[in-house]
$ cat data18.cif   # mmCIF, C-alpha atoms
data_run
loop_
_atom_site.group_PDB
_atom_site.id
_atom_site.type_symbol
_atom_site.label_atom_id
_atom_site.label_comp_id
_atom_site.auth_asym_id
_atom_site.auth_seq_id
_atom_site.Cartn_x
_atom_site.Cartn_y
_atom_site.Cartn_z
ATOM 1 C CA MET Q 1 121.915 138.916 156.277
ATOM 2 C CA THR Q 2 121.804 139.398 160.058
ATOM 3 C CA ALA Q 3 125.510 138.624 160.293
ATOM 4 C CA VAL Q 4 126.218 141.022 157.428
ATOM 5 C CA ASN Q 5 124.339 143.839 159.147
ATOM 6 C CA ASP Q 6 125.989 143.146 162.525
ATOM 7 C CA ILE Q 7 129.485 143.425 161.024
ATOM 8 C CA VAL Q 8 129.078 146.116 158.365
ATOM 9 C CA THR Q 9 126.607 148.537 159.980
ATOM 10 C CA PRO Q 10 128.881 149.828 162.802
ATOM 11 C CA TYR Q 11 131.501 151.108 160.355
ATOM 12 C CA ASP Q 12 131.367 154.802 159.509
ATOM 13 C CA LEU Q 13 131.243 154.293 155.761
ATOM 14 C CA PRO Q 14 128.987 155.495 152.944
ATOM 15 C CA TYR Q 15 126.282 153.099 151.763
ATOM 16 C CA GLN Q 16 128.200 152.338 148.533
ATOM 17 C CA ALA Q 17 131.104 151.010 150.622
ATOM 18 C CA LYS Q 18 128.887 149.049 153.007
ATOM 19 C CA ASP Q 19 127.088 147.366 150.115
ATOM 20 C CA ALA Q 20 130.429 146.394 148.559
ATOM 21 C CA LEU Q 21 131.675 144.943 151.859
ATOM 22 C CA LYS Q 22 128.721 142.594 152.226
ATOM 23 C CA GLY Q 23 130.210 140.165 149.758
ATOM 24 C CA HIS Q 24 133.300 139.749 151.961
ATOM 25 C CA VAL Q 25 131.456 138.910 155.169
ATOM 26 C CA PRO Q 26 130.946 135.153 154.511
ATOM 27 C CA GLY Q 27 134.700 134.658 154.053
ATOM 28 C CA LEU Q 28 135.355 136.765 157.132
ATOM 29 C CA LEU Q 29 133.080 134.573 159.251
ATOM 30 C CA LYS Q 30 134.764 131.404 157.960
ATOM 31 C CA SER Q 31 138.109 132.762 159.172
ATOM 32 C CA GLY Q 32 136.646 133.165 162.668
ATOM 33 C CA SER Q 33 136.805 136.964 162.666
ATOM 34 C CA THR Q 34 134.046 139.551 163.003
ATOM 35 C CA GLU Q 35 136.149 142.626 162.199
ATOM 36 C CA LEU Q 36 137.618 143.861 158.959
ATOM 37 C CA SER Q 37 141.400 144.109 158.635
ATOM 38 C CA GLU Q 38 142.937 147.576 158.824
ATOM 39 C CA THR Q 39 144.606 146.879 155.479
ATOM 40 C CA GLN Q 40 141.292 145.993 153.792
ATOM 41 C CA PRO Q 41 140.905 148.160 150.652
ATOM 42 C CA VAL Q 42 137.886 150.454 150.694
ATOM 43 C CA ARG Q 43 135.527 149.033 148.087
ATOM 44 C CA PHE Q 44 132.586 150.846 146.540
ATOM 45 C CA THR Q 45 129.759 149.536 144.394
ATOM 46 C CA ASN Q 46 129.573 151.005 140.911
ATOM 47 C CA ARG Q 47 127.019 153.540 142.159
ATOM 48 C CA ALA Q 48 130.067 155.416 143.463
ATOM 49 C CA ALA Q 49 131.517 155.692 139.939
ATOM 50 C CA VAL Q 50 130.575 159.356 139.482
ATOM 51 C CA PHE Q 51 133.206 161.228 137.493
ATOM 52 C CA ASP Q 52 133.561 164.609 135.793
ATOM 53 C CA HIS Q 53 135.812 165.823 133.006
ATOM 54 C CA SER Q 54 136.889 169.328 132.036
ATOM 55 C CA THR Q 55 139.956 170.374 130.056
ATOM 56 C CA ASP Q 56 139.935 173.728 131.877
ATOM 57 C CA ARG Q 57 141.429 172.079 134.983
ATOM 58 C CA THR Q 58 145.008 171.017 135.653
ATOM 59 C CA HIS Q 59 143.647 167.515 136.313
ATOM 60 C CA ALA Q 60 140.876 167.087 133.780
ATOM 61 C CA PHE Q 61 139.258 164.086 135.505
ATOM 62 C CA CYS Q 62 137.664 164.266 138.956
ATOM 63 C CA TRP Q 63 135.883 161.744 141.164
ATOM 64 C CA GLU Q 64 132.990 162.485 143.508
ATOM 65 C CA VAL Q 65 134.189 160.775 146.696
ATOM 66 C CA PRO Q 66 131.275 159.265 148.674
ATOM 67 C CA GLN Q 67 131.081 160.207 152.367
ATOM 68 C CA PRO Q 68 128.666 159.083 155.108
ATOM 69 C CA GLY Q 69 125.681 161.360 155.525
ATOM 70 C CA ARG Q 70 123.816 163.654 153.161
ATOM 71 C CA GLY Q 71 125.527 166.401 151.201
ATOM 72 C CA THR Q 72 129.028 165.524 152.407
ATOM 73 C CA ASN Q 73 130.492 164.167 149.157
ATOM 74 C CA PHE Q 74 133.460 166.045 147.710
ATOM 75 C CA TRP Q 75 135.305 166.133 144.407
ATOM 76 C CA ILE Q 76 138.948 165.093 144.159
ATOM 77 C CA PRO Q 77 141.228 165.346 141.096
ATOM 78 C CA LEU Q 78 142.636 162.186 139.540
ATOM 79 C CA ALA Q 79 146.074 161.755 137.992
ATOM 80 C CA ILE Q 80 145.082 159.173 135.383
ATOM 81 C CA ASN Q 81 147.308 156.907 133.342
ATOM 82 C CA PRO Q 82 147.535 158.691 129.943
ATOM 83 C CA ASP Q 83 147.359 155.338 128.150
ATOM 84 C CA GLN Q 84 143.903 154.796 129.703
ATOM 85 C CA ARG Q 85 142.450 158.151 128.653
ATOM 86 C CA LYS Q 86 140.234 156.661 125.940
ATOM 87 C CA TRP Q 87 138.659 154.293 128.490
ATOM 88 C CA TRP Q 88 137.923 157.164 130.879
ATOM 89 C CA LEU Q 89 136.219 159.058 128.065
ATOM 90 C CA GLN Q 90 134.184 155.971 127.178
ATOM 91 C CA LEU Q 91 133.080 155.713 130.804
ATOM 92 C CA LEU Q 92 131.993 159.366 130.863
ATOM 93 C CA ASP Q 93 130.168 158.989 127.534
ATOM 94 C CA ASP Q 94 128.272 155.930 128.875
ATOM 95 C CA GLU Q 95 129.978 153.720 126.286
ATOM 96 C CA ALA Q 96 131.396 151.644 129.166
ATOM 97 C CA THR Q 97 130.144 150.703 132.631
ATOM 98 C CA ALA Q 98 132.174 150.614 135.837
ATOM 99 C CA GLY Q 99 132.449 147.645 138.166
ATOM 100 C CA GLN Q 100 133.285 147.636 141.873
ATOM 101 C CA LEU Q 101 135.775 150.386 142.754
ATOM 102 C CA GLN Q 102 138.757 149.896 145.069
ATOM 103 C CA LEU Q 103 140.478 152.698 146.962
ATOM 104 C CA ILE Q 104 143.939 151.602 148.091
ATOM 105 C CA THR Q 105 146.452 153.518 150.187
ATOM 106 C CA ARG Q 106 150.216 153.282 149.634
ATOM 107 C CA PRO Q 107 151.665 154.722 152.876
ATOM 108 C CA ARG Q 108 155.311 154.309 151.916
ATOM 109 C CA GLN Q 109 154.727 156.083 148.614
ATOM 110 C CA ALA Q 110 152.432 158.721 150.170
ATOM 111 C CA ARG Q 111 149.694 158.206 147.620
ATOM 112 C CA TRP Q 112 146.270 156.685 147.041
ATOM 113 C CA GLU Q 113 145.207 154.578 144.079
ATOM 114 C CA LEU Q 114 141.694 154.256 142.695
ATOM 115 C CA HIS Q 115 141.105 151.055 140.720
ATOM 116 C CA VAL Q 116 138.137 151.293 138.339
ATOM 117 C CA PRO Q 117 137.320 148.082 136.415
ATOM 118 C CA LEU Q 118 135.417 148.658 133.187
ATOM 119 C CA LYS Q 119 133.055 146.575 131.137
ATOM 120 C CA LEU Q 120 133.349 147.502 127.473
ATOM 121 C CA PRO Q 121 130.996 146.383 124.699
ATOM 122 C CA THR Q 122 132.613 143.979 122.258
ATOM 123 C CA THR Q 123 131.497 142.138 119.172
ATOM 124 C CA LYS Q 124 132.222 138.454 118.695
ATOM 125 C CA PRO Q 125 133.936 138.045 115.302
ATOM 126 C CA GLU Q 126 132.696 135.306 113.018
ATOM 127 C CA VAL Q 127 135.029 132.357 112.603
ATOM 128 C CA ASP Q 128 135.311 130.223 109.466
ATOM 129 C CA CYS Q 129 136.791 126.922 110.664
ATOM 130 C CA GLU Q 130 137.664 125.905 107.094
ATOM 131 C CA THR Q 131 140.003 128.835 106.405
ATOM 132 C CA CYS Q 132 141.171 129.972 109.867
ATOM 133 C CA THR Q 133 144.248 128.833 111.793
ATOM 134 C CA PRO Q 134 143.374 127.570 115.288
ATOM 135 C CA VAL Q 135 146.031 128.460 117.869
ATOM 136 C CA GLY Q 136 145.604 126.613 121.163
ATOM 137 C CA PHE Q 137 147.104 127.772 124.452
ATOM 138 C CA ASP Q 138 147.718 125.569 127.466
ATOM 139 C CA VAL Q 139 148.247 127.274 130.842
ATOM 140 C CA GLY Q 140 150.597 125.634 133.311
ATOM 141 C CA GLU Q 141 153.079 126.161 136.119
ATOM 142 C CA ALA Q 142 156.490 124.909 134.912
ATOM 143 C CA ILE Q 143 155.641 126.224 131.431
ATOM 144 C CA LEU Q 144 153.561 129.343 131.958
ATOM 145 C CA LEU Q 145 151.988 129.344 128.478
ATOM 146 C CA THR Q 146 152.307 126.862 125.642
ATOM 147 C CA GLY Q 147 150.982 127.876 122.239
ATOM 148 C CA CYS Q 148 150.515 125.616 119.256
ATOM 149 C CA ALA Q 149 148.991 126.369 115.865
ATOM 150 C CA LEU Q 150 147.456 123.682 113.650
ATOM 151 C CA LEU Q 151 148.016 123.734 109.904
ATOM 152 C CA ASP Q 152 146.237 120.929 108.053
ATOM 153 C CA GLY Q 153 145.651 119.322 111.450
ATOM 154 C CA ARG Q 154 149.343 119.173 112.336
ATOM 155 C CA PRO Q 155 151.160 121.192 115.056
ATOM 156 C CA VAL Q 156 153.613 123.768 113.734
ATOM 157 C CA ASP Q 157 156.191 126.073 115.319
ATOM 158 C CA PRO Q 158 155.030 125.867 118.977
ATOM 159 C CA LEU Q 159 155.634 128.611 121.545
ATOM 160 C CA LEU Q 160 156.760 127.827 125.110
ATOM 161 C CA VAL Q 161 156.955 130.574 127.755
ATOM 162 C CA ASP Q 162 158.979 129.432 130.753
ATOM 163 C CA GLY Q 163 157.231 129.824 134.109
ATOM 164 C CA GLY Q 164 160.312 129.537 136.308
ATOM 165 C CA ARG Q 165 160.551 133.186 137.336
ATOM 166 C CA ALA Q 166 156.812 133.539 137.893
ATOM 167 C CA ARG Q 167 156.779 130.359 139.995
ATOM 168 C CA HIS Q 168 159.746 131.619 142.022
ATOM 169 C CA LEU Q 169 158.036 134.976 142.634
ATOM 170 C CA ASN Q 170 154.828 133.258 143.715
ATOM 171 C CA GLN Q 171 156.622 130.949 146.157
ATOM 172 C CA THR Q 172 158.766 133.795 147.535
ATOM 173 C CA LEU Q 173 155.644 135.898 148.051
ATOM 174 C CA GLN Q 174 153.990 133.192 150.137
ATOM 175 C CA THR Q 175 157.156 132.598 152.211
ATOM 176 C CA THR Q 176 157.786 136.308 152.760
ATOM 177 C CA LEU Q 177 154.245 137.047 153.902
ATOM 178 C CA GLN Q 178 154.287 134.079 156.272
ATOM 179 C CA ARG Q 179 157.568 135.217 157.884
ATOM 180 C CA LEU Q 180 156.390 138.821 158.232
ATOM 181 C CA GLN Q 181 153.174 137.683 159.892
ATOM 182 C CA GLU Q 182 155.110 135.426 162.292
ATOM 183 C CA ARG Q 183 157.286 138.395 163.258
ATOM 184 C CA GLU Q 184 154.173 140.574 163.671
ATOM 185 C CA ALA Q 185 155.562 143.087 161.197
ATOM 186 C CA ALA Q 186 153.806 146.405 160.635
ATOM 187 C CA ALA Q 187 150.851 146.318 158.263
ATOM 188 C CA TRP Q 188 152.502 148.795 155.862
ATOM 189 C CA ARG Q 189 155.539 146.506 155.630
ATOM 190 C CA ILE Q 190 153.385 143.472 154.725
ATOM 191 C CA ASP Q 191 151.425 145.522 152.169
ATOM 192 C CA GLU Q 192 154.640 146.862 150.639
ATOM 193 C CA GLN Q 193 156.146 143.403 150.176
ATOM 194 C CA ALA Q 194 152.900 141.934 148.831
ATOM 195 C CA ALA Q 195 152.562 144.785 146.328
ATOM 196 C CA TYR Q 196 156.171 144.332 145.141
ATOM 197 C CA PHE Q 197 155.829 140.616 144.371
ATOM 198 C CA ARG Q 198 152.335 140.902 142.920
ATOM 199 C CA ASN Q 199 153.437 143.690 140.595
ATOM 200 C CA ALA Q 200 156.390 141.528 139.505
ATOM 201 C CA LEU Q 201 154.013 138.615 138.871
ATOM 202 C CA ARG Q 202 151.720 140.895 136.922
ATOM 203 C CA ASP Q 203 154.652 141.947 134.745
ATOM 204 C CA GLU Q 204 155.402 138.279 134.015
ATOM 205 C CA ILE Q 205 151.793 137.687 133.003
ATOM 206 C CA GLU Q 206 151.738 140.808 130.830
ATOM 207 C CA THR Q 207 154.940 139.787 129.023
ATOM 208 C CA ALA Q 208 153.776 136.184 128.514
ATOM 209 C CA THR Q 209 150.365 137.146 127.129
ATOM 210 C CA ARG Q 210 151.856 139.819 124.854
ATOM 211 C CA ASN Q 211 154.246 137.242 123.369
ATOM 212 C CA ALA Q 212 151.346 134.811 122.983
ATOM 213 C CA VAL Q 213 149.246 137.269 120.974
ATOM 214 C CA GLU Q 214 152.221 138.218 118.795
ATOM 215 C CA TYR Q 215 152.784 134.515 118.141
ATOM 216 C CA ALA Q 216 149.150 133.973 117.128
ATOM 217 C CA ALA Q 217 149.181 137.067 114.913
ATOM 218 C CA GLY Q 218 151.952 135.491 112.845
ATOM 219 C CA PHE Q 219 149.485 133.020 111.278
ATOM 220 C CA ASP Q 220 146.821 133.593 108.619
ATOM 221 C CA GLN Q 221 143.339 134.257 110.069
ATOM 222 C CA PRO Q 222 144.300 133.121 113.589
ATOM 223 C CA VAL Q 223 141.727 132.100 116.196
ATOM 224 C CA ILE Q 224 142.983 131.771 119.773
ATOM 225 C CA VAL Q 225 141.493 128.710 121.481
ATOM 226 C CA LEU Q 226 141.457 128.463 125.289
ATOM 227 C CA GLU Q 227 140.145 125.978 127.807
ATOM 228 C CA GLN Q 228 137.034 126.841 129.765
ATOM 229 C CA LEU Q 229 138.814 126.584 133.106
ATOM 230 C CA THR Q 230 136.098 127.647 135.583
ATOM 231 C CA SER Q 231 134.659 124.204 136.223
ATOM 232 C CA LEU Q 232 138.115 122.615 136.033
ATOM 233 C CA GLN Q 233 139.479 124.704 138.911
ATOM 234 C CA ASP Q 234 136.399 123.986 141.010
ATOM 235 C CA ASP Q 235 137.078 120.260 140.594
ATOM 236 C CA LEU Q 236 140.788 120.379 141.504
ATOM 237 C CA ASN Q 237 141.551 118.205 144.510
ATOM 238 C CA PHE Q 238 145.199 117.331 144.953
ATOM 239 C CA GLY Q 239 145.488 117.888 148.709
ATOM 240 C CA PRO Q 240 145.575 121.148 150.687
ATOM 241 C CA HIS Q 241 149.154 122.200 149.873
ATOM 242 C CA LEU Q 242 149.017 121.675 146.121
ATOM 243 C CA ASN Q 243 145.501 123.086 145.911
ATOM 244 C CA ARG Q 244 146.707 126.342 147.481
ATOM 245 C CA ARG Q 245 149.533 126.561 144.964
ATOM 246 C CA LEU Q 246 147.255 125.842 142.026
ATOM 247 C CA HIS Q 247 144.619 128.341 143.121
ATOM 248 C CA ALA Q 248 147.320 130.934 143.886
ATOM 249 C CA TRP Q 249 148.560 130.391 140.361
ATOM 250 C CA ALA Q 250 146.634 132.916 138.289
ATOM 251 C CA PHE Q 251 145.127 130.643 135.601
ATOM 252 C CA ASN Q 252 142.159 132.922 135.095
ATOM 253 C CA GLN Q 253 144.295 136.069 135.137
ATOM 254 C CA LEU Q 254 146.507 134.659 132.398
ATOM 255 C CA GLN Q 255 143.539 133.765 130.235
ATOM 256 C CA THR Q 256 141.787 137.068 130.918
ATOM 257 C CA ARG Q 257 144.799 139.156 129.915
ATOM 258 C CA LEU Q 258 145.397 136.956 126.882
ATOM 259 C CA ALA Q 259 141.782 137.433 125.787
ATOM 260 C CA ASP Q 260 142.005 141.202 126.392
ATOM 261 C CA LYS Q 261 145.140 141.555 124.278
ATOM 262 C CA ALA Q 262 143.632 139.354 121.562
ATOM 263 C CA ALA Q 263 140.593 141.646 121.430
ATOM 264 C CA ASP Q 264 142.884 144.678 121.022
ATOM 265 C CA ALA Q 265 144.612 142.855 118.152
ATOM 266 C CA GLU Q 266 141.199 141.910 116.658
ATOM 267 C CA ILE Q 267 141.952 138.190 116.979
ATOM 268 C CA PRO Q 268 138.890 136.036 117.797
ATOM 269 C CA VAL Q 269 138.967 133.969 120.999
ATOM 270 C CA ARG Q 270 136.981 130.788 121.561
ATOM 271 C CA TYR Q 271 136.681 128.519 124.621
ATOM 272 C CA VAL Q 272 136.443 124.721 124.520
ATOM 273 C CA ASP Q 273 135.859 121.819 126.901
ATOM 274 C CA PRO Q 274 139.117 121.037 128.781
ATOM 275 C CA ALA Q 275 138.331 117.334 129.373
ATOM 276 C CA TYR Q 276 141.206 114.982 128.449
ATOM 277 C CA THR Q 277 143.265 117.658 126.653
ATOM 278 C CA SER Q 278 146.412 116.583 128.516
ATOM 279 C CA GLN Q 279 145.646 112.850 128.411
ATOM 280 C CA ILE Q 280 144.873 112.072 124.767
ATOM 281 C CA CYS Q 281 147.130 112.032 121.735
ATOM 282 C CA HIS Q 282 146.585 114.992 119.411
ATOM 283 C CA ALA Q 283 147.276 112.789 116.370
ATOM 284 C CA CYS Q 284 145.052 109.725 116.967
ATOM 285 C CA GLY Q 285 142.860 110.699 119.927
ATOM 286 C CA GLU Q 286 143.786 107.676 122.040
ATOM 287 C CA ILE Q 287 144.451 108.029 125.771
ATOM 288 C CA GLY Q 288 148.183 107.911 126.479
ATOM 289 C CA THR Q 289 150.426 108.059 129.537
ATOM 290 C CA ARG Q 290 152.443 110.776 131.307
ATOM 291 C CA PRO Q 291 155.563 109.087 132.778
ATOM 292 C CA LYS Q 292 156.972 112.592 133.362
ATOM 293 C CA GLN Q 293 155.293 115.970 133.778
ATOM 294 C CA SER Q 294 156.785 117.187 130.506
ATOM 295 C CA GLU Q 295 156.427 113.928 128.553
ATOM 296 C CA PHE Q 296 153.436 112.368 126.773
ATOM 297 C CA ARG Q 297 153.528 108.828 125.387
ATOM 298 C CA CYS Q 298 150.979 107.529 122.912
ATOM 299 C CA THR Q 299 150.001 103.888 123.509
ATOM 300 C CA ASN Q 300 148.606 103.370 119.997
ATOM 301 C CA ASP Q 301 151.057 101.240 118.012
ATOM 302 C CA ASN Q 302 149.556 102.467 114.735
ATOM 303 C CA CYS Q 303 150.089 106.162 115.562
ATOM 304 C CA TRP Q 304 153.155 108.063 114.346
ATOM 305 C CA VAL Q 305 153.447 109.740 117.764
ATOM 306 C CA SER Q 306 155.561 107.827 120.275
ATOM 307 C CA VAL Q 307 156.970 110.434 122.717
ATOM 308 C CA TYR Q 308 155.843 114.073 122.587
ATOM 309 C CA GLN Q 309 156.262 117.203 124.690
ATOM 310 C CA ALA Q 310 153.213 117.073 126.974
ATOM 311 C CA ASP Q 311 152.326 120.790 126.986
ATOM 312 C CA ILE Q 312 152.550 121.048 123.197
ATOM 313 C CA ASN Q 313 150.355 117.951 122.898
ATOM 314 C CA ALA Q 314 147.765 119.576 125.187
ATOM 315 C CA ALA Q 315 147.879 122.884 123.268
ATOM 316 C CA ALA Q 316 147.406 121.001 119.990
ATOM 317 C CA ASN Q 317 144.369 119.203 121.441
ATOM 318 C CA ILE Q 318 142.915 122.531 122.565
ATOM 319 C CA ALA Q 319 143.417 124.012 119.093
ATOM 320 C CA GLY Q 320 141.851 120.934 117.478
ATOM 321 C CA ARG Q 321 138.617 121.406 119.416
ATOM 322 C CA LEU Q 322 137.820 124.654 117.621
ATOM 323 C CA ASP Q 323 136.152 122.508 114.935
ATOM 324 C CA PRO Q 324 133.860 120.071 116.778
ATOM 325 C CA TRP Q 325 133.505 117.913 113.673
ATOM 326 C CA GLY Q 326 137.218 117.186 113.781
ATOM 327 C CA GLU Q 327 137.293 116.330 117.478
ATOM 328 C CA ASN Q 328 138.000 112.782 118.596
ATOM 329 C CA CYS Q 329 137.570 112.561 122.366
ATOM 330 C CA PRO Q 330 136.928 109.168 124.040
#
$ encode --input "data18.cif" --output "structure tokens"
Amino acid sequence: MTAVNDIVTPYDLPYQAKDALKGHVPGLLKSGSTELSETQPVRFTNRAAVFDHSTDRTHAFCWEVPQPGRGTNFWIPLAINPDQRKWWLQLLDDEATAGQLQLITRPRQARWELHVPLKLPTTKPEVDCETCTPVGFDVGEAILLTGCALLDGRPVDPLLVDGGRARHLNQTLQTTLQRLQEREAAAWRIDEQAAYFRNALRDEIETATRNAVEYAAGFDQPVIVLEQLTSLQDDLNFGPHLNRRLHAWAFNQLQTRLADKAADAEIPVRYVDPAYTSQICHACGEIGTRPKQSEFRCTNDNCWVSVYQADINAAANIAGRLDPWGENCP
């Protein structure tokens, strides 16, 4: 707390921004710095989420911008995304709560962006394992998303979304930022390039998750089944280089957007234990081998599976864990 106060207190920021910055101080200290970057977005705790709405104005929505000191706040109009209007109204009607706000400047585009995350109340639909169709999704790098539905316990009509472009964008982003930093490029130039590639990556994720939900919706009473990846990512340890790539790869973002789109489509989502999903055979449950990244071989001579596409096998295992009574995991 002493370190937090020493770093945050000198900045001329409102208390909502100082409170939001405290969470970033431990990482700052680990990097050996005691000053915030000039490109650091201005973050505010949700106490700064004070908005007003009136149809009498040109811009119906306004935000009360926090300023240091007493009585210095001011109102500023917001040009909202029309597709998000219903969420803004829910926020104003207290049907939703705001998270930590981010105020980001775009110098080259001469504009500011206010990012307001929302927490919306949802109901968890009931799932009847006897009549529903479990649709498992495996998240990867070469194959961005692999979907597989189970009918009578057997995989049918799998979906594979290639991850080549997303992987290329991610690698190019890292290389570009490294070169710009080595050349001591202007901060606006680094921000501009980072925003371009991250927006392109976001588009890839949006397209992949939209296709995934459309695929699941094609089955009777679908239930999307995902791995609970939090503990899995914490346990990853494949060396510094590969770890950076895996953590840079937005596993959680993919799953989050998939779950969000499933909720909009009123498709239930369930999470299961990820242990052994890529190592066991979906047909007999025995541990097999992976001679290639894309190839799974079952070692059980009595099983009908000999060689199978590895990602589809994993997605089928994930789907099969929706019903714990049908799970066979060594």
$ resolve_selection --input "data18.cif" --expression "the PyMOL selection byres ((chain Q and resi 4) around 9)" --output "list in words"
Met1, Thr2, Ala3, Asn5, Asp6, Ile7, Val8, Thr9, Leu21, Lys22, Gly23, Val25 and Pro26 of chain Q
$ resolve_selection --input "data18.cif" --expression "the PyMOL selection byres ((chain Q and resi 35) around 10)" --output "tab-separated table (two decimals) with C-alpha atoms, keeping the file's coordinate frame"
chain	number	residue	atom	x	y	z
Q	7	ILE	CA	129.49	143.43	161.02
Q	8	VAL	CA	129.08	146.12	158.36
Q	11	TYR	CA	131.50	151.11	160.35
Q	25	VAL	CA	131.46	138.91	155.17
Q	28	LEU	CA	135.35	136.76	157.13
Q	29	LEU	CA	133.08	134.57	159.25
Q	32	GLY	CA	136.65	133.16	162.67
Q	33	SER	CA	136.80	136.96	162.67
Q	34	THR	CA	134.05	139.55	163.00
Q	36	LEU	CA	137.62	143.86	158.96
Q	37	SER	CA	141.40	144.11	158.64
Q	38	GLU	CA	142.94	147.58	158.82
$ residues_around --input "data18.cif" --residues "stretch 303-319 of chain Q" --least-positions-apart "6" --cutoff "6 Å" --atoms "all atoms listed in the file" --output "JSON, numbers by chain"
{"Q": [134, 135, 136, 137, 138, 147, 148, 225, 277, 278, 282, 294, 295, 296, 297]}
$ resolve_selection --input "data18.cif" --expression "the PyMOL selection byres ((chain Q and resi 188-195) around 9)" --output "PDB file with C-alpha atoms, keeping the file's coordinate frame"
ATOM      1  CA  THR Q  39     144.606 146.879 155.479  1.00  0.00           C
ATOM      2  CA  ARG Q 106     150.216 153.282 149.634  1.00  0.00           C
ATOM      3  CA  PRO Q 107     151.665 154.722 152.876  1.00  0.00           C
ATOM      4  CA  ARG Q 108     155.311 154.309 151.916  1.00  0.00           C
ATOM      5  CA  LEU Q 173     155.644 135.898 148.051  1.00  0.00           C
ATOM      6  CA  GLN Q 174     153.990 133.192 150.137  1.00  0.00           C
ATOM      7  CA  THR Q 176     157.786 136.308 152.760  1.00  0.00           C
ATOM      8  CA  LEU Q 177     154.245 137.047 153.902  1.00  0.00           C
ATOM      9  CA  LEU Q 180     156.390 138.821 158.232  1.00  0.00           C
ATOM     10  CA  GLN Q 181     153.174 137.683 159.892  1.00  0.00           C
ATOM     11  CA  ALA Q 185     155.562 143.087 161.197  1.00  0.00           C
ATOM     12  CA  ALA Q 186     153.806 146.405 160.635  1.00  0.00           C
ATOM     13  CA  ALA Q 187     150.851 146.318 158.263  1.00  0.00           C
ATOM     14  CA  TYR Q 196     156.171 144.332 145.141  1.00  0.00           C
ATOM     15  CA  PHE Q 197     155.829 140.616 144.371  1.00  0.00           C
ATOM     16  CA  ARG Q 198     152.335 140.902 142.920  1.00  0.00           C
ATOM     17  CA  ASN Q 199     153.437 143.690 140.595  1.00  0.00           C
ATOM     18  CA  ALA Q 200     156.390 141.528 139.505  1.00  0.00           C
TER      19      ALA Q 200
END
$ residues_near_point --input "data18.cif" --point "(151.8, 133.2, 129.5)" --cutoff "9 Å" --atoms "only C-alpha atoms" --output "count of residues only"
24
$ residues_near_point --input "data18.cif" --point "(144.4, 105.1, 112.3)" --cutoff "10 Å" --atoms "only C-alpha atoms" --output "PyMOL selection string"
chain Q and resi 283-285+300-304
$ atom_distance --input "data18.cif" --atom1 "atom CA of Q:Ala142" --atom2 "atom CA of Q:Cys298"
21.8 Å
$ atom_distance --input "data18.cif" --atom1 "atom CA of Q:Gln171" --atom2 "atom CA of Q:Asp203"
16.0 Å
$ atom_distance --input "data18.cif" --atom1 "atom CA of Q:Tyr276" --atom2 "atom CA of Q:Gly288"
10.1 Å
$ closest_residue --input "data18.cif" --among "Q:Pro68, Q:Gln221, Q:Val213, Q:Thr256" --to "Q:Thr131" --atoms "all atoms listed in the file"
Q:Gln221
$ build_atoms --input "data18.cif" --residues "stretch 295-303 of chain Q" --atoms "N, CA, C and O atoms" --output "mmCIF file, in the coordinates of the input"
data_model
loop_
_atom_site.group_PDB
_atom_site.id
_atom_site.type_symbol
_atom_site.label_atom_id
_atom_site.label_comp_id
_atom_site.auth_asym_id
_atom_site.auth_seq_id
_atom_site.Cartn_x
_atom_site.Cartn_y
_atom_site.Cartn_z
ATOM 1 N N GLU Q 295 156.355 114.952 129.598
ATOM 2 C CA GLU Q 295 156.427 113.928 128.553
ATOM 3 C C GLU Q 295 155.085 113.223 128.372
ATOM 4 O O GLU Q 295 154.474 112.780 129.337
ATOM 5 N N PHE Q 296 154.648 113.120 127.119
ATOM 6 C CA PHE Q 296 153.436 112.368 126.773
ATOM 7 C C PHE Q 296 153.830 111.195 125.888
ATOM 8 O O PHE Q 296 154.595 111.355 124.936
ATOM 9 N N ARG Q 297 153.270 110.019 126.199
ATOM 10 C CA ARG Q 297 153.528 108.828 125.387
ATOM 11 C C ARG Q 297 152.210 108.291 124.848
ATOM 12 O O ARG Q 297 151.273 108.051 125.609
ATOM 13 N N CYS Q 298 152.168 108.108 123.536
ATOM 14 C CA CYS Q 298 150.979 107.529 122.912
ATOM 15 C C CYS Q 298 151.090 106.006 122.967
ATOM 16 O O CYS Q 298 152.129 105.422 122.652
ATOM 17 N N THR Q 299 149.993 105.354 123.360
ATOM 18 C CA THR Q 299 150.001 103.888 123.509
ATOM 19 C C THR Q 299 149.464 103.175 122.274
ATOM 20 O O THR Q 299 149.357 101.949 122.267
ATOM 21 N N ASN Q 300 149.126 103.956 121.235
ATOM 22 C CA ASN Q 300 148.606 103.370 119.997
ATOM 23 C C ASN Q 300 149.769 102.999 119.077
ATOM 24 O O ASN Q 300 150.491 103.868 118.586
ATOM 25 N N ASP Q 301 149.940 101.710 118.834
ATOM 26 C CA ASP Q 301 151.057 101.240 118.012
ATOM 27 C C ASP Q 301 150.958 101.710 116.565
ATOM 28 O O ASP Q 301 151.962 101.758 115.842
ATOM 29 N N ASN Q 302 149.747 102.039 116.118
ATOM 30 C CA ASN Q 302 149.556 102.467 114.735
ATOM 31 C C ASN Q 302 149.704 103.973 114.552
ATOM 32 O O ASN Q 302 149.542 104.478 113.438
ATOM 33 N N CYS Q 303 149.973 104.695 115.628
ATOM 34 C CA CYS Q 303 150.089 106.162 115.562
ATOM 35 C C CYS Q 303 151.550 106.544 115.359
ATOM 36 O O CYS Q 303 152.465 105.900 115.898
#
